[in-house]
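Peer 1: mmCIF, C-alpha atoms and all ligand atoms, saved as coords-v4.cif, coming up:
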```
data_upload
loop_
_atom_site.label_atom_id
_atom_site.label_comp_id
_atom_site.auth_asym_id
_atom_site.auth_seq_id
_atom_site.Cartn_x
_atom_site.Cartn_y
_atom_site.Cartn_z
CA MET A 16 5.95 15.73 -32.05
CA ALA A 17 4.35 12.76 -30.34
CA LYS A 18 3.80 9.33 -31.92
CA LEU A 19 0.76 7.12 -32.17
CA ALA A 20 0.84 3.39 -31.45
CA VAL A 21 -2.38 1.62 -32.39
CA ASN A 22 -3.83 -1.14 -30.25
CA VAL A 23 -5.46 -3.76 -32.51
CA ASP A 24 -7.15 -5.82 -29.74
CA HIS A 25 -10.53 -4.31 -30.56
CA VAL A 26 -10.37 -5.59 -34.12
CA ALA A 27 -9.75 -9.08 -32.70
CA THR A 28 -12.67 -8.63 -30.29
CA LEU A 29 -14.99 -8.13 -33.26
CA ARG A 30 -13.60 -11.21 -34.98
CA GLN A 31 -14.01 -13.32 -31.82
CA ALA A 32 -17.66 -12.26 -31.54
CA ARG A 33 -18.35 -14.68 -34.40
CA GLY A 34 -15.37 -16.97 -33.84
CA GLY A 35 -14.42 -16.57 -37.50
CA VAL A 36 -11.55 -15.04 -39.43
CA GLU A 37 -12.63 -11.43 -39.96
CA PRO A 38 -11.82 -8.68 -39.33
CA ASP A 39 -8.16 -9.63 -39.01
CA PRO A 40 -6.03 -7.63 -36.55
CA VAL A 41 -2.97 -8.39 -38.69
CA THR A 42 -4.53 -6.60 -41.69
CA ALA A 43 -5.48 -3.74 -39.33
CA ALA A 44 -1.84 -3.44 -38.23
CA SER A 45 -0.65 -3.01 -41.82
CA ILE A 46 -3.31 -0.41 -42.59
CA ALA A 47 -2.47 1.45 -39.38
CA GLU A 48 1.20 1.60 -40.37
CA LEU A 49 0.27 2.85 -43.86
CA ALA A 50 -1.80 5.57 -42.19
CA GLY A 51 1.17 6.75 -40.13
CA ALA A 52 1.08 4.76 -36.89
CA GLU A 53 4.57 4.31 -35.49
CA GLY A 54 3.81 1.25 -33.40
CA ILE A 55 1.36 -1.62 -33.08
CA ILE A 56 0.17 -2.95 -29.74
CA CYS A 57 -1.60 -6.18 -28.90
CA HIS A 58 -2.51 -7.64 -25.53
CA LEU A 59 -2.30 -11.42 -25.31
CA ARG A 60 -4.58 -12.07 -22.36
CA GLU A 61 -4.39 -15.25 -20.32
CA ASP A 62 -7.97 -16.10 -21.36
CA ARG A 63 -7.24 -15.31 -25.06
CA ARG A 64 -10.48 -13.34 -25.30
CA HIS A 65 -9.31 -11.28 -28.28
CA ILE A 66 -5.73 -11.60 -29.56
CA GLN A 67 -4.73 -15.22 -30.24
CA ASP A 68 -1.25 -16.75 -30.27
CA ARG A 69 -1.51 -16.92 -34.07
CA ASP A 70 -2.08 -13.15 -34.25
CA LEU A 71 1.00 -12.44 -32.18
CA ARG A 72 3.21 -14.68 -34.35
CA LEU A 73 1.92 -13.05 -37.56
CA LEU A 74 2.15 -9.54 -36.15
CA ARG A 75 5.80 -10.24 -35.36
CA GLU A 76 6.32 -11.12 -39.04
CA VAL A 77 4.30 -8.25 -40.48
CA VAL A 78 4.83 -5.20 -38.24
CA LYS A 79 7.53 -2.95 -39.65
CA THR A 80 7.45 -0.15 -37.07
CA LYS A 81 7.50 -1.48 -33.49
CA LEU A 82 5.56 -4.34 -31.97
CA ASN A 83 4.57 -3.79 -28.35
CA LEU A 84 3.23 -6.89 -26.56
CA GLU A 85 1.05 -6.03 -23.59
CA MET A 86 0.98 -8.87 -21.09
CA ALA A 87 0.52 -9.86 -17.49
CA PRO A 88 3.79 -10.35 -15.57
CA VAL A 89 3.39 -14.14 -15.34
CA GLU A 90 5.66 -17.02 -16.39
CA GLU A 91 3.53 -18.19 -19.33
CA MET A 92 3.64 -14.73 -20.92
CA VAL A 93 7.35 -14.19 -20.26
CA GLU A 94 8.07 -17.48 -22.07
CA ILE A 95 5.89 -16.39 -25.02
CA ALA A 96 7.61 -13.00 -25.19
CA LEU A 97 11.02 -14.64 -25.19
CA SER A 98 10.01 -16.95 -28.02
CA VAL A 99 8.26 -14.31 -30.18
CA SER A 100 10.66 -11.38 -29.49
CA PRO A 101 8.45 -8.29 -29.76
CA ASP A 102 10.36 -5.01 -29.84
CA MET A 103 8.93 -4.18 -26.45
CA VAL A 104 6.72 -5.56 -23.73
CA THR A 105 4.30 -3.58 -21.58
CA LEU A 106 3.60 -5.21 -18.23
CA VAL A 107 -0.03 -4.76 -17.18
CA PRO A 108 -2.15 -6.16 -14.35
CA GLU A 109 -4.81 -8.61 -15.45
CA ARG A 110 -8.03 -9.81 -13.88
CA ARG A 111 -10.17 -12.30 -15.74
CA GLN A 112 -13.46 -10.63 -14.75
CA GLU A 113 -12.50 -7.18 -16.00
CA LEU A 114 -13.85 -5.76 -19.26
CA THR A 115 -10.53 -4.05 -19.96
CA THR A 116 -7.36 -3.29 -17.99
CA GLU A 117 -8.74 -1.42 -15.01
CA GLY A 118 -5.77 -0.02 -13.16
CA GLY A 119 -2.02 0.34 -13.38
CA LEU A 120 0.38 -2.32 -12.20
CA ASP A 121 1.21 -2.03 -8.49
CA VAL A 122 4.95 -2.15 -9.03
CA LEU A 123 5.76 -1.51 -5.36
CA ALA A 124 3.84 -4.63 -4.33
CA ASP A 125 6.17 -7.09 -6.06
CA LEU A 126 9.35 -5.21 -6.89
CA GLU A 127 11.81 -8.12 -6.85
CA ARG A 128 9.71 -10.36 -9.07
CA TYR A 129 9.26 -7.59 -11.63
CA GLN A 130 12.97 -6.82 -11.50
CA LYS A 131 13.74 -10.44 -12.49
CA ILE A 132 11.24 -10.32 -15.35
CA VAL A 133 12.85 -7.11 -16.66
CA GLU A 134 16.29 -8.74 -16.50
CA ARG A 135 15.12 -11.76 -18.50
CA LEU A 136 13.48 -9.59 -21.16
CA HIS A 137 16.49 -7.30 -21.36
CA ARG A 138 18.79 -10.28 -21.91
CA ALA A 139 16.66 -10.99 -24.99
CA ARG A 140 17.00 -7.31 -26.05
CA ILE A 141 13.32 -6.58 -25.44
CA LEU A 142 12.52 -3.12 -24.06
CA VAL A 143 10.22 -3.08 -21.06
CA SER A 144 7.45 -0.64 -20.21
CA PHE A 145 5.32 -0.65 -17.05
CA PHE A 146 1.69 0.46 -17.22
CA VAL A 147 1.26 2.51 -14.04
CA ASP A 148 -1.27 4.78 -12.41
CA PRO A 149 -0.28 8.47 -12.46
CA SER A 150 1.70 8.28 -9.24
CA PRO A 151 5.33 9.42 -8.80
CA GLU A 152 5.88 6.47 -6.37
CA GLN A 153 4.87 3.91 -9.00
CA VAL A 154 7.00 5.69 -11.60
CA MET A 155 9.99 5.55 -9.25
CA ALA A 156 9.34 1.85 -8.53
CA ALA A 157 9.29 1.12 -12.27
CA LYS A 158 12.63 2.89 -12.60
CA ASP A 159 13.99 0.80 -9.69
CA CYS A 160 12.90 -2.37 -11.52
CA GLY A 161 14.94 -1.38 -14.56
CA ALA A 162 12.04 -0.28 -16.78
CA ASP A 163 12.92 1.59 -19.97
CA ILE A 164 9.53 3.26 -20.32
CA VAL A 165 6.42 3.94 -18.26
CA GLU A 166 2.97 4.13 -19.76
CA ILE A 167 0.81 6.39 -17.65
CA HIS A 168 -2.76 5.19 -17.18
CA THR A 169 -5.13 7.87 -18.45
CA GLY A 170 -8.35 5.96 -17.70
CA GLN A 171 -9.41 7.98 -14.65
CA TYR A 172 -8.95 11.21 -16.59
CA ALA A 173 -10.96 9.82 -19.51
CA GLU A 174 -13.77 8.76 -17.19
CA ALA A 175 -13.96 12.01 -15.21
CA LYS A 176 -17.57 13.09 -14.67
CA ASN A 177 -16.97 16.83 -14.89
CA GLU A 178 -14.40 19.43 -15.88
CA ASP A 179 -13.11 19.93 -12.35
CA GLN A 180 -12.43 16.22 -11.92
CA ALA A 181 -10.87 15.97 -15.39
CA GLU A 182 -8.50 18.84 -14.62
CA LYS A 183 -7.42 17.22 -11.32
CA LYS A 184 -6.78 13.85 -12.97
CA PHE A 185 -4.94 15.56 -15.81
CA ARG A 186 -2.63 17.37 -13.40
CA LYS A 187 -1.72 14.02 -11.81
CA ILE A 188 -0.83 12.61 -15.22
CA GLU A 189 1.27 15.69 -15.92
CA GLN A 190 3.13 15.33 -12.63
CA ALA A 191 3.81 11.62 -13.18
CA ALA A 192 4.95 12.23 -16.77
CA LYS A 193 7.36 14.95 -15.65
CA SER A 194 8.85 12.79 -12.89
CA ALA A 195 9.29 9.87 -15.33
CA PHE A 196 10.98 12.19 -17.81
CA GLU A 197 13.31 13.55 -15.14
CA LEU A 198 14.28 9.97 -14.19
CA GLY A 199 15.30 9.37 -17.81
CA LEU A 200 12.42 7.03 -18.60
CA GLY A 201 10.57 6.99 -21.90
CA VAL A 202 7.03 8.29 -21.32
CA SER A 203 3.88 7.10 -23.00
CA ALA A 204 0.21 7.31 -22.05
CA GLY A 205 -3.01 5.57 -22.84
CA HIS A 206 -6.40 4.16 -21.96
CA GLY A 207 -9.72 5.73 -22.81
CA LEU A 208 -8.22 8.48 -24.96
CA ASN A 209 -10.33 9.74 -27.85
CA TYR A 210 -10.36 12.50 -30.47
CA VAL A 211 -11.70 15.03 -27.97
CA ASN A 212 -10.14 14.28 -24.60
CA ILE A 213 -6.64 13.91 -26.06
CA LYS A 214 -6.48 17.60 -27.02
CA ARG A 215 -5.41 18.67 -23.54
CA PHE A 216 -2.29 16.50 -23.82
CA ARG A 217 -0.55 19.08 -25.96
CA LEU A 218 0.28 20.60 -22.55
CA ILE A 219 2.51 17.61 -21.66
CA PRO A 220 5.40 17.55 -24.14
CA GLU A 221 7.17 14.89 -22.04
CA ILE A 222 4.77 12.26 -23.41
CA GLU A 223 6.38 10.77 -26.50
CA GLU A 224 3.80 8.21 -27.49
CA TYR A 225 0.09 7.47 -27.14
CA SER A 226 -1.40 3.95 -27.05
CA ILE A 227 -4.90 4.09 -28.45
CA GLY A 228 -7.32 1.42 -29.56
CA HIS A 229 -11.02 1.68 -28.79
CA SER A 230 -11.77 5.19 -30.03
CA ILE A 231 -9.96 4.53 -33.32
CA VAL A 232 -11.84 1.29 -34.00
CA ALA A 233 -15.13 2.95 -32.98
CA ARG A 234 -14.52 5.80 -35.45
CA ALA A 235 -13.40 3.34 -38.13
CA VAL A 236 -16.90 1.85 -38.23
CA PHE A 237 -18.12 5.15 -39.71
CA VAL A 238 -15.15 6.63 -41.57
CA GLY A 239 -12.92 3.63 -42.32
CA PHE A 240 -9.88 2.39 -40.43
CA GLU A 241 -7.24 4.16 -42.52
CA ARG A 242 -8.89 7.54 -42.05
CA ALA A 243 -9.54 6.99 -38.36
CA VAL A 244 -5.86 6.19 -37.76
CA ARG A 245 -4.66 9.09 -39.92
CA GLU A 246 -6.84 11.59 -38.04
CA MET A 247 -5.38 10.46 -34.70
CA VAL A 248 -1.84 10.47 -36.11
CA GLU A 249 -2.35 14.08 -37.22
CA MET A 250 -3.70 14.99 -33.79
CA VAL A 251 -0.75 13.61 -31.80
CA ARG A 252 1.82 14.90 -34.30
CA SER A 253 0.47 18.41 -33.75
CA PHE A 254 1.46 18.29 -30.05
N1 LIG B 301 -2.75 0.94 -22.80
C1 LIG B 301 -3.04 -0.19 -22.10
C2 LIG B 301 -2.04 -0.69 -21.13
C3 LIG B 301 -4.25 -0.88 -22.32
O1 LIG B 301 -4.52 -1.99 -21.62
C4 LIG B 301 -5.16 -0.38 -23.27
C5 LIG B 301 -6.45 -1.10 -23.52
O2 LIG B 301 -6.26 -2.23 -24.26
C6 LIG B 301 -4.80 0.78 -23.97
C7 LIG B 301 -3.61 1.43 -23.70
C8 LIG B 301 -5.70 1.37 -25.02
O3 LIG B 301 -6.87 1.79 -24.43
P1 LIG B 301 -8.13 2.17 -25.35
O4 LIG B 301 -8.51 0.93 -26.06
O5 LIG B 301 -9.14 2.63 -24.36
O6 LIG B 301 -7.65 3.22 -26.29
#
```
Go ahead and express the file in the form of structure tokens.
Ligand code: PXP
Peer 2:
Amino acid sequence: MAKLAVNVDHVATLRQARGGVEPDPVTAASIAELAGAEGIICHLREDRRHIQDRDLRLLREVVKTKLNLEMAPVEEMVEIALSVSPDMVTLVPERRQELTTEGGLDVLADLERYQKIVERLHRARILVSFFVDPSPEQVMAAKDCGADIVEIHTGQYAEAKNEDQAEKKFRKIEQAAKSAFELGLGVSAGHGLNYVNIKRFRLIPEIEEYSIGHSIVARAVFVGFERAVREMVEMVRSF
């Protein structure tokens, strides 16, 4: 039975569109937990385009399941993580011009630096996940850095233009998930997953958790946030 962790960035994006106080991602986190989510994710970006420092502090107070802070592997964010103490951190690449996180972290490119970041977070008892493309080499590099978990990037699968492409991308995810599992890493997956394209994932029992934001918030506009979360919880629990 897989778990759902809900990303509340998209609620903050809507709030920031007017620069006001609603909708509040902290309220969304509580509703998501009531609806069965087993984790809450927020990404504190360097440009603070959606989640604010205030949100992170309050989420730390309010989240009862597991708070996962997504962040770029840079000094400013490491300091914030050490002061806020989320249950886990997911290291992601970040480019200011991008609309959303576009690719996985190239762990091989900066192995020693990432290793030191993992050590610092581990000393503070924070679990560390690496967001990686579905590549066994990147999975292995994450393991070499001391990662506890890898989150496999599902974006290319989600954006496939036809069934043939989708199947190829899915097979890559499956291969990466199996190699991570065999290395003893926790395995999660996310990016671009929705109520339709997630169905195929019942074929990969190695994936323990799904990180989903946009499709849940999009559905919530029509059916309400609680119901949108519950429907996705039921979907992943059926795997
Ligand atoms: N995982 C990571 C690392 C992400 O950056 C995002 C996007 O914020 C997600 C999962 C969730 O993606 P989506 O919002 O497309 O469900």
Peer 1: Can you pull out every residue within 6 Å of region 149-152 of chain A, counting only C-alpha atoms, but drop anything in the same chain fewer than 5 positions away, and send it as a list of chain:residue names?
Peer 2: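 Selected residues are A:Ile167, A:Lys187, A:Ile188, A:Ala191.
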Peer 1: What separation in Å, quoted to one decimal, exists between atom O3 of ligand LIG 301 (chain B) and CA of Asn22 (chain A)?
Peer 2: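 Computing the Euclidean distance for atom O3 of ligand LIG 301 (chain B) and CA of Asn22 (chain A) yields 7.2 Å.
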Peer 1: Dump as a list in words all residues having an atom at most 10 Å from (-0.7, -13.5, -34.2), computed in the file's coordinates with only C-alpha atoms.
Peer 2: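 Counting only C-alpha atoms, I find these residues within 10 Å of (-0.7, -13.5, -34.2): Asp39, Pro40, Val41, Cys57, Leu59, Ile66, Gln67, Asp68, Arg69, Asp70, Leu71, Arg72, Leu73, Leu74, Arg75, Glu76, Val77 and Val99 of chain A.
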Peer 1: Got time to write the residues from that selection, C-alpha atoms, as a PDB file, in the coordinates of the input?
Peer 2:
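Saved file part_2.pdb follows:
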```pdb
ATOM      1  CA  ASP A  39      -8.160  -9.630 -39.010  1.00  0.00           C
ATOM      2  CA  PRO A  40      -6.030  -7.630 -36.550  1.00  0.00           C
ATOM      3  CA  VAL A  41      -2.970  -8.390 -38.690  1.00  0.00           C
ATOM      4  CA  CYS A  57      -1.600  -6.180 -28.900  1.00  0.00           C
ATOM      5  CA  LEU A  59      -2.300 -11.420 -25.310  1.00  0.00           C
ATOM      6  CA  ILE A  66      -5.730 -11.600 -29.560  1.00  0.00           C
ATOM      7  CA  GLN A  67      -4.730 -15.220 -30.240  1.00  0.00           C
ATOM      8  CA  ASP A  68      -1.250 -16.750 -30.270  1.00  0.00           C
ATOM      9  CA  ARG A  69      -1.510 -16.920 -34.070  1.00  0.00           C
ATOM     10  CA  ASP A  70      -2.080 -13.150 -34.250  1.00  0.00           C
ATOM     11  CA  LEU A  71       1.000 -12.440 -32.180  1.00  0.00           C
ATOM     12  CA  ARG A  72       3.210 -14.680 -34.350  1.00  0.00           C
ATOM     13  CA  LEU A  73       1.920 -13.050 -37.560  1.00  0.00           C
ATOM     14  CA  LEU A  74       2.150  -9.540 -36.150  1.00  0.00           C
ATOM     15  CA  ARG A  75       5.800 -10.240 -35.360  1.00  0.00           C
ATOM     16  CA  GLU A  76       6.320 -11.120 -39.040  1.00  0.00           C
ATOM     17  CA  VAL A  77       4.300  -8.250 -40.480  1.00  0.00           C
ATOM     18  CA  VAL A  99       8.260 -14.310 -30.180  1.00  0.00           C
TER      19      VAL A  99
END
```
Peer 1: Residues within 10 Å of ligand LIG 301 (chain B) (all atoms listed in the file), as a PyMOL selection string?
Peer 2: chain A and resi 20-25+56-58+84-86+105-109+114-120+144-147+166-170+173+203-209+225-233
Peer 1: Per residue of region 41-112 of chain A within 10 Å of region 248-251 of chain A, which atom pair is closest and at what distance in Å (one decimal), using only C-alpha atoms, listed by chain and increasing number, as a Markdown table?
Peer 2:
```
| residue | atom | partner | partner_atom | distance |
| --- | --- | --- | --- | --- |
| A:Ala47 | CA | A:Val248 | CA | 9.6 |
| A:Ala50 | CA | A:Val248 | CA | 7.8 |
| A:Gly51 | CA | A:Val248 | CA | 6.2 |
| A:Ala52 | CA | A:Val248 | CA | 6.5 |
| A:Glu53 | CA | A:Val248 | CA | 8.9 |
```
Peer 1: Could you write out that same residue set with C-alpha atoms as a PDB file, in the frame of the given file?
Peer 2:
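What landed in selection19.pdb:
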```pdb
ATOM      1  CA  ALA A  47      -2.470   1.450 -39.380  1.00  0.00           C
ATOM      2  CA  ALA A  50      -1.800   5.570 -42.190  1.00  0.00           C
ATOM      3  CA  GLY A  51       1.170   6.750 -40.130  1.00  0.00           C
ATOM      4  CA  ALA A  52       1.080   4.760 -36.890  1.00  0.00           C
ATOM      5  CA  GLU A  53       4.570   4.310 -35.490  1.00  0.00           C
TER       6      GLU A  53
END
```
Peer 1: What is the CA of Gly54 (chain A) to CA of Gln31 (chain A) distance in Å?
Peer 2: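 Answer for the CA of Gly54 (chain A) to CA of Gln31 (chain A) separation: 23.1 Å.
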Peer 1: Calculate how many Å separate CA of Lys131 (chain A) from CA of Glu189 (chain A), rounding to one decimal.
Peer 2: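 So the two atoms, CA of Lys131 (chain A) and CA of Glu189 (chain A), lie 29.2 Å apart.
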Peer 1: Emit as lines of an AutoDock Vina configuration file the padded axis-aligned box for all listed atoms of region 69-83 of chain A, 4 Å per side, with centre and edge lengths in Å to one decimal.
Peer 2:
```
center_x = 2.7
center_y = -8.5
center_z = -34.4
size_x = 17.6
size_y = 24.8
size_z = 20.1
```
Peer 1: Taking the point (-10.8, 14.7, -22.4) as given in the file, collect each protein or nucleic acid residue that comes within 10 Å of it, counting only C-alpha atoms, and present the set as a JSON list (two decimals) with C-alpha atoms, keeping the file's coordinate frame.
Peer 2:
```
[["chain", "number", "residue", "atom", "x", "y", "z"],
["A", 169, "THR", "CA", -5.13, 7.87, -18.45],
["A", 172, "TYR", "CA", -8.95, 11.21, -16.59],
["A", 173, "ALA", "CA", -10.96, 9.82, -19.51],
["A", 174, "GLU", "CA", -13.77, 8.76, -17.19],
["A", 175, "ALA", "CA", -13.96, 12.01, -15.21],
["A", 177, "ASN", "CA", -16.97, 16.83, -14.89],
["A", 178, "GLU", "CA", -14.40, 19.43, -15.88],
["A", 181, "ALA", "CA", -10.87, 15.97, -15.39],
["A", 182, "GLU", "CA", -8.50, 18.84, -14.62],
["A", 185, "PHE", "CA", -4.94, 15.56, -15.81],
["A", 207, "GLY", "CA", -9.72, 5.73, -22.81],
["A", 208, "LEU", "CA", -8.22, 8.48, -24.96],
["A", 209, "ASN", "CA", -10.33, 9.74, -27.85],
["A", 210, "TYR", "CA", -10.36, 12.50, -30.47],
["A", 211, "VAL", "CA", -11.70, 15.03, -27.97],
["A", 212, "ASN", "CA", -10.14, 14.28, -24.60],
["A", 213, "ILE", "CA", -6.64, 13.91, -26.06],
["A", 214, "LYS", "CA", -6.48, 17.60, -27.02],
["A", 215, "ARG", "CA", -5.41, 18.67, -23.54],
["A", 216, "PHE", "CA", -2.29, 16.50, -23.82]]
```
Peer 1: Using all atoms listed in the file, which residues sit within 10 Å of Glu221 (chain A) once same-chain residues fewer than 4 positions away are excluded, as a list in words?
Peer 2: Ala17, Glu189, Ala192, Lys193, Ser194, Ala195, Phe196, Glu197, Gly201, Val202, Ser203, Phe216 and Arg217 of chain A
Peer 1: Neighbours of Ala157 (chain A) within 8 Å (all atoms listed in the file; same-chain residues fewer than 5 positions away dropped), as a ChimeraX atom specification?
Peer 2: /A:122,145,162,165
Peer 1: Point out the residue among A:Glu246, A:Arg110, A:Met103, A:Ala124 with the least atom-to-atom distance to Arg234 (chain A), counting all atoms listed in the file.
Peer 2: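 Using all atoms listed in the file, the shortest distance to Arg234 (chain A) belongs to A:Glu246.
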Peer 1: Between A:Asp163, A:Glu134, A:Asp179, A:Glu91, which one has atoms that come closest to Arg60 (chain A), using only C-alpha atoms?
Peer 2: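 Closest to Arg60 (chain A) of all the choices is A:Glu91.
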Peer 1: Write out as an MDAnalysis selection string the residues lying within 10 Å of Glu48 (chain A), counting all atoms listed in the file and excluding same-chain residues fewer than 6 positions away.
Peer 2: chainID A and resid 19:21 54:55 78:81 241 244:245
Peer 1: Taking all atoms listed in the file into account, name the residue in A:Gln130, A:Ser253, A:Gln171, A:Asn83 that is nearest to Lys18 (chain A).
Peer 2: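 Ranked by minimum distance to Lys18 (chain A), first place goes to A:Ser253.
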